[in-house]
file coords12.cif (mmCIF, C-alpha atoms, pLDDT in the B column; chains and numbers go by the auth columns)
data_structure
#
loop_
_atom_site.group_PDB
_atom_site.id
_atom_site.type_symbol
_atom_site.label_atom_id
_atom_site.label_comp_id
_atom_site.label_asym_id
_atom_site.label_seq_id
_atom_site.Cartn_x
_atom_site.Cartn_y
_atom_site.Cartn_z
_atom_site.B_iso_or_equiv
_atom_site.auth_seq_id
_atom_site.auth_asym_id
ATOM 1 C CA MET A 1 63.626 35.758 -74.915 51.00 1 A
ATOM 2 C CA SER A 2 59.914 35.107 -75.447 55.00 2 A
ATOM 3 C CA LYS A 3 57.709 33.678 -72.711 49.00 3 A
ATOM 4 C CA LYS A 4 57.485 30.388 -74.602 53.00 4 A
ATOM 5 C CA SER A 5 61.270 30.219 -75.045 55.00 5 A
ATOM 6 C CA GLU A 6 61.780 30.925 -71.344 51.00 6 A
ATOM 7 C CA MET A 7 59.458 28.066 -70.410 47.00 7 A
ATOM 8 C CA GLU A 8 61.136 25.690 -72.858 52.00 8 A
ATOM 9 C CA ASP A 9 64.514 26.657 -71.403 53.00 9 A
ATOM 10 C CA ILE A 10 63.335 25.966 -67.840 46.00 10 A
ATOM 11 C CA ALA A 11 61.713 22.683 -68.890 47.00 11 A
ATOM 12 C CA THR A 12 64.975 21.557 -70.496 49.00 12 A
ATOM 13 C CA ARG A 13 67.143 22.498 -67.541 47.00 13 A
ATOM 14 C CA VAL A 14 64.799 20.987 -64.965 46.00 14 A
ATOM 15 C CA GLN A 15 65.390 17.452 -66.213 51.00 15 A
ATOM 16 C CA LEU A 16 67.132 15.885 -63.258 52.00 16 A
ATOM 17 C CA SER A 17 70.129 13.775 -64.164 47.00 17 A
ATOM 18 C CA SER A 18 71.523 10.870 -62.179 45.00 18 A
ATOM 19 C CA GLY A 19 74.153 9.021 -64.164 45.00 19 A
ATOM 20 C CA ASN A 20 72.509 8.056 -67.442 45.00 20 A
ATOM 21 C CA GLU A 21 69.030 8.404 -66.020 51.00 21 A
ATOM 22 C CA VAL A 22 67.039 11.541 -66.790 54.00 22 A
ATOM 23 C CA ARG A 23 63.795 12.341 -65.026 67.00 23 A
ATOM 24 C CA HIS A 24 61.538 15.325 -64.619 87.00 24 A
ATOM 25 C CA LEU A 25 60.813 17.237 -61.458 92.00 25 A
ATOM 26 C CA ASN A 26 58.498 15.631 -58.879 96.00 26 A
ATOM 27 C CA LEU A 27 55.890 18.053 -57.548 97.00 27 A
ATOM 28 C CA LEU A 28 53.726 17.212 -54.538 98.00 28 A
ATOM 29 C CA GLY A 29 50.489 19.118 -54.042 98.00 29 A
ATOM 30 C CA ILE A 30 48.775 19.077 -50.647 98.00 30 A
ATOM 31 C CA SER A 31 45.152 20.173 -50.328 98.00 31 A
ATOM 32 C CA CYS A 32 44.183 21.224 -46.811 98.00 32 A
ATOM 33 C CA THR A 33 40.485 21.873 -47.264 96.00 33 A
ATOM 34 C CA ALA A 34 37.859 19.816 -45.442 94.00 34 A
ATOM 35 C CA MET A 35 34.382 18.882 -46.595 92.00 35 A
ATOM 36 C CA ASP A 36 31.612 16.321 -46.199 89.00 36 A
ATOM 37 C CA LYS A 37 32.446 13.502 -48.615 86.00 37 A
ATOM 38 C CA ASN A 38 28.740 12.717 -49.004 89.00 38 A
ATOM 39 C CA PHE A 39 27.886 16.316 -49.855 88.00 39 A
ATOM 40 C CA PRO A 40 30.993 17.779 -51.505 87.00 40 A
ATOM 41 C CA ARG A 41 31.290 21.437 -52.428 88.00 41 A
ATOM 42 C CA ARG A 42 33.369 23.473 -54.803 89.00 42 A
ATOM 43 C CA THR A 43 36.584 24.735 -53.243 92.00 43 A
ATOM 44 C CA THR A 44 38.722 27.605 -54.496 93.00 44 A
ATOM 45 C CA SER A 45 41.954 26.418 -52.873 95.00 45 A
ATOM 46 C CA GLU A 46 41.778 22.879 -54.249 96.00 46 A
ATOM 47 C CA ALA A 47 40.662 24.048 -57.690 95.00 47 A
ATOM 48 C CA ALA A 48 43.617 26.439 -57.727 97.00 48 A
ATOM 49 C CA LEU A 49 45.995 23.647 -56.712 98.00 49 A
ATOM 50 C CA THR A 50 44.589 21.406 -59.421 97.00 50 A
ATOM 51 C CA LYS A 51 45.191 24.104 -62.029 97.00 51 A
ATOM 52 C CA SER A 52 48.779 24.695 -60.888 98.00 52 A
ATOM 53 C CA LEU A 53 49.602 20.995 -60.927 98.00 53 A
ATOM 54 C CA GLY A 54 48.050 20.643 -64.352 98.00 54 A
ATOM 55 C CA TYR A 55 50.186 23.497 -65.630 97.00 55 A
ATOM 56 C CA ALA A 56 53.315 21.938 -64.118 97.00 56 A
ATOM 57 C CA LYS A 57 52.587 18.737 -65.994 96.00 57 A
ATOM 58 C CA SER A 58 51.682 20.325 -69.331 96.00 58 A
ATOM 59 C CA ALA A 59 54.250 23.144 -69.437 94.00 59 A
ATOM 60 C CA HIS A 60 57.159 21.459 -67.631 94.00 60 A
ATOM 61 C CA SER A 61 56.459 17.729 -67.959 94.00 61 A
ATOM 62 C CA ALA A 62 56.614 17.500 -64.177 96.00 62 A
ATOM 63 C CA ASN A 63 55.502 14.391 -62.335 96.00 63 A
ATOM 64 C CA THR A 64 52.670 15.446 -60.035 97.00 64 A
ATOM 65 C CA VAL A 65 50.851 13.938 -57.076 98.00 65 A
ATOM 66 C CA MET A 66 47.982 15.566 -55.199 98.00 66 A
ATOM 67 C CA VAL A 67 47.229 14.462 -51.641 98.00 67 A
ATOM 68 C CA LYS A 68 43.920 15.557 -50.112 98.00 68 A
ATOM 69 C CA LEU A 69 44.388 15.599 -46.363 98.00 69 A
ATOM 70 C CA ARG A 70 40.679 15.039 -45.751 97.00 70 A
ATOM 71 C CA GLU A 71 40.983 11.627 -47.397 96.00 71 A
ATOM 72 C CA LEU A 72 43.715 10.467 -45.020 97.00 72 A
ATOM 73 C CA GLU A 73 43.026 8.854 -41.659 96.00 73 A
ATOM 74 C CA PHE A 74 45.711 10.050 -39.261 97.00 74 A
ATOM 75 C CA ASP A 75 45.963 10.882 -35.587 96.00 75 A
ATOM 76 C CA PHE A 76 46.679 14.205 -33.958 96.00 76 A
ATOM 77 C CA CYS A 77 50.173 14.867 -32.656 95.00 77 A
ATOM 78 C CA GLU A 78 50.475 13.380 -29.163 94.00 78 A
ATOM 79 C CA GLY A 79 53.069 15.870 -27.944 92.00 79 A
ATOM 80 C CA ASN A 80 55.858 13.335 -27.498 91.00 80 A
ATOM 81 C CA TYR A 81 58.402 16.135 -27.698 87.00 81 A
ATOM 82 C CA SER A 82 56.948 17.471 -24.447 89.00 82 A
ATOM 83 C CA LYS A 83 57.933 14.204 -22.746 90.00 83 A
ATOM 84 C CA ALA A 84 61.495 14.321 -24.058 89.00 84 A
ATOM 85 C CA LYS A 85 63.000 15.543 -27.292 85.00 85 A
ATOM 86 C CA GLU A 86 64.229 12.006 -27.998 88.00 86 A
ATOM 87 C CA ALA A 87 60.611 10.772 -27.864 90.00 87 A
ATOM 88 C CA CYS A 88 59.803 12.712 -31.032 91.00 88 A
ATOM 89 C CA THR A 89 61.279 10.241 -33.514 92.00 89 A
ATOM 90 C CA TRP A 90 61.668 9.768 -37.241 92.00 90 A
ATOM 91 C CA PRO A 91 59.582 8.159 -38.538 88.00 91 A
ATOM 92 C CA CYS A 92 56.925 9.614 -36.264 93.00 92 A
ATOM 93 C CA ALA A 93 56.294 7.467 -33.181 92.00 93 A
ATOM 94 C CA ILE A 94 52.573 7.384 -34.021 95.00 94 A
ATOM 95 C CA THR A 95 53.296 6.006 -37.484 92.00 95 A
ATOM 96 C CA GLN A 96 55.607 3.379 -36.030 92.00 96 A
ATOM 97 C CA LYS A 97 53.089 2.060 -33.528 92.00 97 A
ATOM 98 C CA LYS A 98 50.029 2.450 -35.768 93.00 98 A
ATOM 99 C CA PRO A 99 50.655 1.064 -39.270 89.00 99 A
ATOM 100 C CA GLU A 100 47.162 2.185 -40.254 95.00 100 A
ATOM 101 C CA ASP A 101 48.096 5.856 -39.693 95.00 101 A
ATOM 102 C CA GLN A 102 47.989 7.322 -43.198 96.00 102 A
ATOM 103 C CA LEU A 103 50.183 10.368 -42.684 96.00 103 A
ATOM 104 C CA ILE A 104 52.922 8.076 -43.987 95.00 104 A
ATOM 105 C CA THR A 105 51.626 9.192 -47.408 96.00 105 A
ATOM 106 C CA ILE A 106 52.783 12.744 -46.643 97.00 106 A
ATOM 107 C CA TYR A 107 56.057 11.649 -45.057 97.00 107 A
ATOM 108 C CA ASP A 108 57.008 9.373 -47.938 96.00 108 A
ATOM 109 C CA ASN A 109 56.091 11.765 -50.732 97.00 109 A
ATOM 110 C CA MET A 110 57.567 14.827 -49.055 97.00 110 A
ATOM 111 C CA VAL A 111 60.868 13.375 -47.856 96.00 111 A
ATOM 112 C CA ASN A 112 61.600 10.597 -50.345 96.00 112 A
ATOM 113 C CA TRP A 113 59.917 11.636 -53.590 96.00 113 A
ATOM 114 C CA ALA A 114 59.179 15.326 -54.026 97.00 114 A
ATOM 115 C CA ASP A 115 61.557 17.953 -55.380 96.00 115 A
ATOM 116 C CA ALA A 116 59.002 20.662 -54.643 97.00 116 A
ATOM 117 C CA VAL A 117 55.821 20.945 -52.576 98.00 117 A
ATOM 118 C CA LEU A 118 52.823 23.209 -53.210 98.00 118 A
ATOM 119 C CA ILE A 119 50.393 23.589 -50.311 98.00 119 A
ATOM 120 C CA ALA A 120 46.862 24.944 -50.717 98.00 120 A
ATOM 121 C CA THR A 121 44.696 26.011 -47.795 97.00 121 A
ATOM 122 C CA PRO A 122 41.538 28.030 -47.298 94.00 122 A
ATOM 123 C CA ILE A 123 41.446 30.840 -44.745 91.00 123 A
ATOM 124 C CA ARG A 124 39.532 30.021 -41.588 88.00 124 A
ATOM 125 C CA TRP A 125 39.074 32.988 -39.247 86.00 125 A
ATOM 126 C CA GLY A 126 42.317 34.573 -40.348 87.00 126 A
ATOM 127 C CA SER A 127 44.319 31.339 -40.161 92.00 127 A
ATOM 128 C CA ALA A 128 45.062 28.256 -42.232 95.00 128 A
ATOM 129 C CA SER A 129 42.632 25.346 -42.010 96.00 129 A
ATOM 130 C CA ALA A 130 42.405 22.996 -39.040 96.00 130 A
ATOM 131 C CA LEU A 131 43.515 20.145 -41.310 97.00 131 A
ATOM 132 C CA TYR A 132 46.663 22.082 -42.167 98.00 132 A
ATOM 133 C CA TYR A 133 47.567 22.465 -38.492 97.00 133 A
ATOM 134 C CA LYS A 134 46.777 18.829 -37.786 97.00 134 A
ATOM 135 C CA MET A 135 49.346 17.899 -40.448 98.00 135 A
ATOM 136 C CA VAL A 136 52.087 20.369 -39.531 97.00 136 A
ATOM 137 C CA GLU A 137 52.086 19.376 -35.870 96.00 137 A
ATOM 138 C CA ARG A 138 52.922 15.859 -37.049 97.00 138 A
ATOM 139 C CA LEU A 139 55.804 17.250 -39.150 97.00 139 A
ATOM 140 C CA ASN A 140 57.710 18.313 -36.052 94.00 140 A
ATOM 141 C CA CYS A 141 59.447 14.929 -36.207 95.00 141 A
ATOM 142 C CA ILE A 142 61.198 16.120 -39.395 95.00 142 A
ATOM 143 C CA GLN A 143 62.473 19.310 -37.801 93.00 143 A
ATOM 144 C CA ASN A 144 63.468 17.468 -34.625 92.00 144 A
ATOM 145 C CA GLN A 145 65.955 15.384 -36.606 93.00 145 A
ATOM 146 C CA ILE A 146 67.915 18.608 -37.113 91.00 146 A
ATOM 147 C CA THR A 147 67.737 19.460 -33.416 88.00 147 A
ATOM 148 C CA LEU A 148 68.878 16.031 -32.268 89.00 148 A
ATOM 149 C CA TYR A 149 71.182 14.711 -34.953 90.00 149 A
ATOM 150 C CA ASP A 150 71.862 17.462 -37.524 90.00 150 A
ATOM 151 C CA ASN A 151 70.008 15.152 -39.888 92.00 151 A
ATOM 152 C CA HIS A 152 68.448 17.288 -42.637 93.00 152 A
ATOM 153 C CA LEU A 153 65.670 15.234 -44.209 95.00 153 A
ATOM 154 C CA ILE A 154 64.658 18.207 -46.369 96.00 154 A
ATOM 155 C CA LYS A 155 67.484 19.569 -48.497 93.00 155 A
ATOM 156 C CA ASP A 156 67.296 21.747 -51.612 94.00 156 A
ATOM 157 C CA LYS A 157 63.538 21.270 -51.869 97.00 157 A
ATOM 158 C CA VAL A 158 61.263 24.177 -52.798 97.00 158 A
ATOM 159 C CA VAL A 159 57.897 25.018 -51.272 98.00 159 A
ATOM 160 C CA GLY A 160 55.089 27.328 -52.366 98.00 160 A
ATOM 161 C CA PHE A 161 51.666 28.262 -51.021 98.00 161 A
ATOM 162 C CA ILE A 162 48.159 28.934 -52.295 98.00 162 A
ATOM 163 C CA VAL A 163 45.878 30.675 -49.791 96.00 163 A
ATOM 164 C CA THR A 164 42.271 31.524 -50.662 94.00 164 A
ATOM 165 C CA GLY A 165 39.048 32.398 -48.926 83.00 165 A
ATOM 166 C CA GLY A 166 36.246 34.806 -48.304 66.00 166 A
ATOM 167 C CA GLN A 167 38.266 36.571 -45.620 69.00 167 A
ATOM 168 C CA ASP A 168 41.377 38.711 -45.563 74.00 168 A
ATOM 169 C CA ASN A 169 44.646 38.022 -43.671 84.00 169 A
ATOM 170 C CA ILE A 170 46.379 36.225 -46.545 91.00 170 A
ATOM 171 C CA GLN A 171 49.763 37.755 -45.685 92.00 171 A
ATOM 172 C CA LYS A 172 49.419 36.756 -42.026 92.00 172 A
ATOM 173 C CA VAL A 173 48.609 33.164 -42.964 95.00 173 A
ATOM 174 C CA VAL A 174 51.454 32.937 -45.476 96.00 174 A
ATOM 175 C CA GLY A 175 53.950 34.546 -43.094 95.00 175 A
ATOM 176 C CA GLU A 176 53.232 31.900 -40.478 96.00 176 A
ATOM 177 C CA MET A 177 53.501 29.134 -43.061 97.00 177 A
ATOM 178 C CA MET A 178 56.828 30.437 -44.365 97.00 178 A
ATOM 179 C CA VAL A 179 58.359 30.384 -40.879 97.00 179 A
ATOM 180 C CA PHE A 180 57.348 26.768 -40.295 97.00 180 A
ATOM 181 C CA TRP A 181 58.377 25.349 -43.668 98.00 181 A
ATOM 182 C CA SER A 182 61.721 27.144 -43.634 96.00 182 A
ATOM 183 C CA GLU A 183 62.415 25.472 -40.290 95.00 183 A
ATOM 184 C CA LEU A 184 61.909 22.085 -41.959 96.00 184 A
ATOM 185 C CA GLY A 185 64.578 23.047 -44.498 95.00 185 A
ATOM 186 C CA PHE A 186 62.502 24.153 -47.482 97.00 186 A
ATOM 187 C CA ILE A 187 63.596 26.987 -49.749 96.00 187 A
ATOM 188 C CA PHE A 188 61.379 29.605 -51.425 96.00 188 A
ATOM 189 C CA GLY A 189 61.367 30.786 -54.993 93.00 189 A
ATOM 190 C CA LEU A 190 60.602 34.344 -56.024 91.00 190 A
ATOM 191 C CA HIS A 191 57.129 35.392 -54.802 94.00 191 A
ATOM 192 C CA PRO A 192 56.407 32.038 -53.110 96.00 192 A
ATOM 193 C CA PHE A 193 52.650 32.353 -52.661 97.00 193 A
ATOM 194 C CA VAL A 194 49.425 33.071 -54.473 97.00 194 A
ATOM 195 C CA GLY A 195 46.587 34.613 -52.521 94.00 195 A
ATOM 196 C CA TRP A 196 42.979 35.317 -53.379 90.00 196 A
ATOM 197 C CA SER A 197 40.222 36.805 -51.239 88.00 197 A
ATOM 198 C CA ARG A 198 36.992 38.722 -51.725 81.00 198 A
ATOM 199 C CA GLY A 199 37.347 40.519 -48.410 75.00 199 A
ATOM 200 C CA TRP A 200 35.688 40.533 -45.031 72.00 200 A
ATOM 201 C CA TYR A 201 32.250 41.727 -46.131 73.00 201 A
ATOM 202 C CA ALA A 202 31.718 39.311 -49.034 73.00 202 A
ATOM 203 C CA GLU A 203 29.101 37.189 -47.298 73.00 203 A
ATOM 204 C CA ASP A 204 27.732 35.645 -50.493 75.00 204 A
ATOM 205 C CA MET A 205 30.177 32.774 -50.199 75.00 205 A
ATOM 206 C CA LYS A 206 28.404 30.747 -52.867 78.00 206 A
ATOM 207 C CA ASN A 207 29.952 33.120 -55.406 81.00 207 A
ATOM 208 C CA ASN A 208 33.536 32.609 -54.254 84.00 208 A
ATOM 209 C CA TYR A 209 34.310 29.774 -56.654 80.00 209 A
ATOM 210 C CA SER A 210 33.028 31.430 -59.816 82.00 210 A
ATOM 211 C CA SER A 211 34.704 34.692 -58.834 84.00 211 A
ATOM 212 C CA ALA A 212 38.074 33.014 -58.306 86.00 212 A
ATOM 213 C CA MET A 213 37.903 30.930 -61.451 87.00 213 A
ATOM 214 C CA SER A 214 37.060 33.982 -63.568 88.00 214 A
ATOM 215 C CA ASP A 215 39.785 36.182 -62.046 91.00 215 A
ATOM 216 C CA GLU A 216 42.379 36.445 -64.840 94.00 216 A
ATOM 217 C CA PHE A 217 45.136 37.746 -62.572 93.00 217 A
ATOM 218 C CA PHE A 218 44.620 34.931 -60.071 94.00 218 A
ATOM 219 C CA GLN A 219 44.611 32.313 -62.813 94.00 219 A
ATOM 220 C CA ARG A 220 47.816 33.751 -64.277 96.00 220 A
ATOM 221 C CA GLU A 221 49.507 33.688 -60.897 97.00 221 A
ATOM 222 C CA LEU A 222 48.709 29.995 -60.469 97.00 222 A
ATOM 223 C CA ASP A 223 50.926 29.336 -63.490 97.00 223 A
ATOM 224 C CA ARG A 224 53.547 31.844 -62.441 97.00 224 A
ATOM 225 C CA ILE A 225 54.186 30.251 -59.048 97.00 225 A
ATOM 226 C CA ILE A 226 54.956 26.949 -60.777 97.00 226 A
ATOM 227 C CA ASP A 227 57.424 28.642 -63.150 96.00 227 A
ATOM 228 C CA GLN A 228 59.234 30.250 -60.245 96.00 228 A
ATOM 229 C CA MET A 229 59.271 27.153 -58.037 96.00 229 A
ATOM 230 C CA ILE A 230 60.742 25.136 -60.887 94.00 230 A
ATOM 231 C CA GLU A 231 63.231 27.870 -61.696 94.00 231 A
ATOM 232 C CA MET A 232 64.463 27.859 -58.080 95.00 232 A
ATOM 233 C CA ARG A 233 64.684 24.070 -57.976 93.00 233 A
ATOM 234 C CA THR A 234 66.695 24.167 -61.197 90.00 234 A
ATOM 235 C CA ARG A 235 69.116 26.683 -59.719 90.00 235 A
ATOM 236 C CA LEU A 236 69.599 24.426 -56.713 90.00 236 A
ATOM 237 C CA LEU A 237 70.519 21.546 -59.010 85.00 237 A
ATOM 238 C CA PHE A 238 73.450 23.509 -60.359 83.00 238 A
ATOM 239 C CA SER A 239 74.309 25.254 -57.094 80.00 239 A
ATOM 240 C CA PRO A 240 73.334 23.092 -54.094 80.00 240 A
ATOM 241 C CA SER A 241 73.119 24.658 -50.670 78.00 241 A
ATOM 242 C CA MET A 242 76.203 24.465 -48.485 71.00 242 A
ATOM 243 C CA PRO A 243 76.516 21.635 -45.959 66.00 243 A
ATOM 244 C CA TYR A 244 75.035 22.544 -42.615 63.00 244 A
ATOM 245 C CA ALA A 245 77.697 23.518 -40.106 60.00 245 A
ATOM 246 C CA LYS A 246 77.070 22.244 -36.585 59.00 246 A
ATOM 247 C CA PRO A 247 77.181 24.996 -33.988 55.00 247 A
ATOM 248 C CA LYS A 248 80.226 24.913 -31.793 57.00 248 A
ATOM 249 C CA LYS A 249 79.591 23.967 -28.196 52.00 249 A
#

call {"tool": "encode", "arguments": {"input": "coords12.cif", "output": "structure tokens"}}
result
Amino acid sequence: MSKKSEMEDIATRVQLSSGNEVRHLNLLGISCTAMDKNFPRRTTSEAALTKSLGYAKSAHSANTVMVKLRELEFDFCEGNYSKAKEACTWPCAITQKKPEDQLITIYDNMVNWADAVLIATPIRWGSASALYYKMVERLNCIQNQITLYDNHLIKDKVVGFIVTGGQDNIQKVVGEMMVFWSELGFIFGLHPFVGWSRGWYAEDMKNNYSSAMSDEFFQRELDRIIDQMIEMRTRLLFSPSMPYAKPKK
């Protein structure tokens, strides 16, 4: 089967049916890069995410939404779980007491809308961005529903990662991300991340963007991760994961 035929086959099978209603896959993109809104810069991770989402829409007719964390006003996690596990609620206690807290955008899209989530972060000193960690600490309320009530808010959803930067440690960053998102209930497709880096000694950071955008292998992989995320989500439609069995006391 040709590459085009394979993509047409996936696009056909990924139409999600509910009774007589047919819809296409919903893909949420989350950009975790920060910048000064008055003096914006070019960003490899967000440009990569934009390309992947564009490919998902054009090649698979997916519905796409990109959320830029830097544009959301939301509080840091307050550590309610450290008071008592019951204090870490769903929806998040912060969101409940502060209607202006905008992380509800992530909660709503991730839990209620998305079939798949693609997260893009730059590397900062061998780790994901500070914005990424600010978000994931607030996602503990999703995982805590499993701990307290065996309530799986994330089921048969696929996640993928884009990690870029002028530094190395891509595999370390992705490994940490995979552990966290699997604990929320997400599932990975084949080769669930795309990484790009110029290495530790590439101090001419102003050239990062043009280097990434002209890297043919990197650009190809940004399409490939979408194909494989959608392929995995399609498989889950026809073969859903087994119901979670509560551990015996």

call {"tool": "resolve_selection", "arguments": {"input": "coords12.cif", "expression": "the PyMOL selection byres ((chain A and resi 130) around 12)", "output": "list of chain:residue names"}}
result
A:Ser31, A:Cys32, A:Thr33, A:Ala34, A:Met35, A:Leu69, A:Arg70, A:Phe76, A:Thr121, A:Pro122, A:Ile123, A:Arg124, A:Trp125, A:Gly126, A:Ser127, A:Ala128, A:Ser129, A:Leu131, A:Tyr132, A:Tyr133, A:Lys134, A:Met135, A:Val136, A:Glu137

call {"tool": "atom_distance", "arguments": {"input": "coords12.cif", "atom1": "atom CA of A:Leu153", "atom2": "atom CA of A:Val111"}}
result
6.3 Å

call {"tool": "resolve_selection", "arguments": {"input": "coords12.cif", "expression": "the PyMOL selection byres ((chain A and resi 73) around 12)", "output": "PyMOL selection string"}}
result
chain A and resi 68-72+74-76+95+98-106+131+134-135

call {"tool": "write_last_selection", "arguments": {"input": "coords12.cif", "atoms": "C-alpha atoms", "output": "tab-separated table (two decimals), in the frame of the given file"}}
result
chain	number	residue	atom	x	y	z
A	68	LYS	CA	43.92	15.56	-50.11
A	69	LEU	CA	44.39	15.60	-46.36
A	70	ARG	CA	40.68	15.04	-45.75
A	71	GLU	CA	40.98	11.63	-47.40
A	72	LEU	CA	43.72	10.47	-45.02
A	74	PHE	CA	45.71	10.05	-39.26
A	75	ASP	CA	45.96	10.88	-35.59
A	76	PHE	CA	46.68	14.20	-33.96
A	95	THR	CA	53.30	6.01	-37.48
A	98	LYS	CA	50.03	2.45	-35.77
A	99	PRO	CA	50.66	1.06	-39.27
A	100	GLU	CA	47.16	2.18	-40.25
A	101	ASP	CA	48.10	5.86	-39.69
A	102	GLN	CA	47.99	7.32	-43.20
A	103	LEU	CA	50.18	10.37	-42.68
A	104	ILE	CA	52.92	8.08	-43.99
A	105	THR	CA	51.63	9.19	-47.41
A	106	ILE	CA	52.78	12.74	-46.64
A	131	LEU	CA	43.52	20.14	-41.31
A	134	LYS	CA	46.78	18.83	-37.79
A	135	MET	CA	49.35	17.90	-40.45

call {"tool": "atom_distance", "arguments": {"input": "coords12.cif", "atom1": "atom CA of A:Lys57", "atom2": "atom CA of A:Val159"}}
result
16.9 Å

call {"tool": "atom_distance", "arguments": {"input": "coords12.cif", "atom1": "atom CA of A:Ala84", "atom2": "atom CA of A:His152"}}
result
20.1 Å

call {"tool": "closest_residue", "arguments": {"input": "coords12.cif", "among": "A:Asn207, A:Asn26, A:Asn169, A:Gln145", "to": "A:Ala62", "atoms": "all atoms listed in the file"}}
result
A:Asn26

call {"tool": "closest_atom_pairs", "arguments": {"input": "coords12.cif", "of": "stretch 147-190 of chain A", "to": "stretch 218-242 of chain A", "cutoff": "7 Å", "atoms": "all atoms listed in the file", "output": "JSON lines"}}
result
{"residue": "A:Asp156", "atom": "CA", "partner": "A:Leu236", "partner_atom": "CA", "distance": 6.2}
{"residue": "A:Lys157", "atom": "CA", "partner": "A:Arg233", "partner_atom": "CA", "distance": 6.8}
{"residue": "A:Val158", "atom": "CA", "partner": "A:Arg233", "partner_atom": "CA", "distance": 6.2}
{"residue": "A:Gly189", "atom": "CA", "partner": "A:Met229", "partner_atom": "CA", "distance": 5.2}
{"residue": "A:Leu190", "atom": "CA", "partner": "A:Gln228", "partner_atom": "CA", "distance": 6.0}

call {"tool": "closest_residue", "arguments": {"input": "coords12.cif", "among": "A:Met205, A:Ile162, A:Val117, A:Met66", "to": "A:Ile187", "atoms": "only C-alpha atoms"}}
result
A:Val117

call {"tool": "resolve_selection", "arguments": {"input": "coords12.cif", "expression": "the PyMOL selection byres ((chain A and resi 212) around 9)", "output": "NGL selection string"}}
result
:A and (44 or 48 or 164 or 196-198 or 207-211 or 213-216 or 218-219)

call {"tool": "residues_near_point", "arguments": {"input": "coords12.cif", "point": "(50.2, 18.3, -63.9)", "cutoff": "12 Å", "atoms": "all atoms listed in the file", "output": "ChimeraX atom specification"}}
result
/A:24-29,49-66,223,226

call {"tool": "write_last_selection", "arguments": {"input": "coords12.cif", "atoms": "C-alpha atoms", "output": "compact mmCIF listing (two decimals), in the coordinates of the input"}}
result
# COMPACT_ATOMS: atom_id res chain seq x y z
CA HIS A 24 61.54 15.32 -64.62
CA LEU A 25 60.81 17.24 -61.46
CA ASN A 26 58.50 15.63 -58.88
CA LEU A 27 55.89 18.05 -57.55
CA LEU A 28 53.73 17.21 -54.54
CA GLY A 29 50.49 19.12 -54.04
CA LEU A 49 46.00 23.65 -56.71
CA THR A 50 44.59 21.41 -59.42
CA LYS A 51 45.19 24.10 -62.03
CA SER A 52 48.78 24.70 -60.89
CA LEU A 53 49.60 21.00 -60.93
CA GLY A 54 48.05 20.64 -64.35
CA TYR A 55 50.19 23.50 -65.63
CA ALA A 56 53.32 21.94 -64.12
CA LYS A 57 52.59 18.74 -65.99
CA SER A 58 51.68 20.32 -69.33
CA ALA A 59 54.25 23.14 -69.44
CA HIS A 60 57.16 21.46 -67.63
CA SER A 61 56.46 17.73 -67.96
CA ALA A 62 56.61 17.50 -64.18
CA ASN A 63 55.50 14.39 -62.34
CA THR A 64 52.67 15.45 -60.04
CA VAL A 65 50.85 13.94 -57.08
CA MET A 66 47.98 15.57 -55.20
CA ASP A 223 50.93 29.34 -63.49
CA ILE A 226 54.96 26.95 -60.78

call {"tool": "residues_around", "arguments": {"input": "coords12.cif", "residues": "A:Asn144", "least_positions_apart": "5", "cutoff": "10 Å", "atoms": "all atoms listed in the file", "output": "ChimeraX atom specification"}}
result
/A:81,85-90,139,149-152,183-184

call {"tool": "closest_residue", "arguments": {"input": "coords12.cif", "among": "A:Val194, A:Val67, A:Val163, A:Cys77", "to": "A:Met110", "atoms": "all atoms listed in the file"}}
result
A:Val67

call {"tool": "axis_aligned_box", "arguments": {"input": "coords12.cif", "around": "stretch 108-116 of chain A", "padding_each_side": "5 Å", "output": "JSON"}}
result
{"center_x": 58.8, "center_y": 15.0, "center_z": -51.6, "size_x": 15.5, "size_y": 21.3, "size_z": 17.5}

call {"tool": "closest_residue", "arguments": {"input": "coords12.cif", "among": "A:Trp181, A:Phe186, A:Ile142, A:Ala202", "to": "A:Asp168", "atoms": "all atoms listed in the file"}}
result
A:Ala202

call {"tool": "closest_residue", "arguments": {"input": "coords12.cif", "among": "A:Gly165, A:Ile119, A:Asn38, A:Phe217", "to": "A:Pro192", "atoms": "only C-alpha atoms"}}
result
A:Ile119

call {"tool": "closest_residue", "arguments": {"input": "coords12.cif", "among": "A:Ala47, A:Ile154, A:Ile94, A:Met177", "to": "A:Ala114", "atoms": "only C-alpha atoms"}}
result
A:Ile154
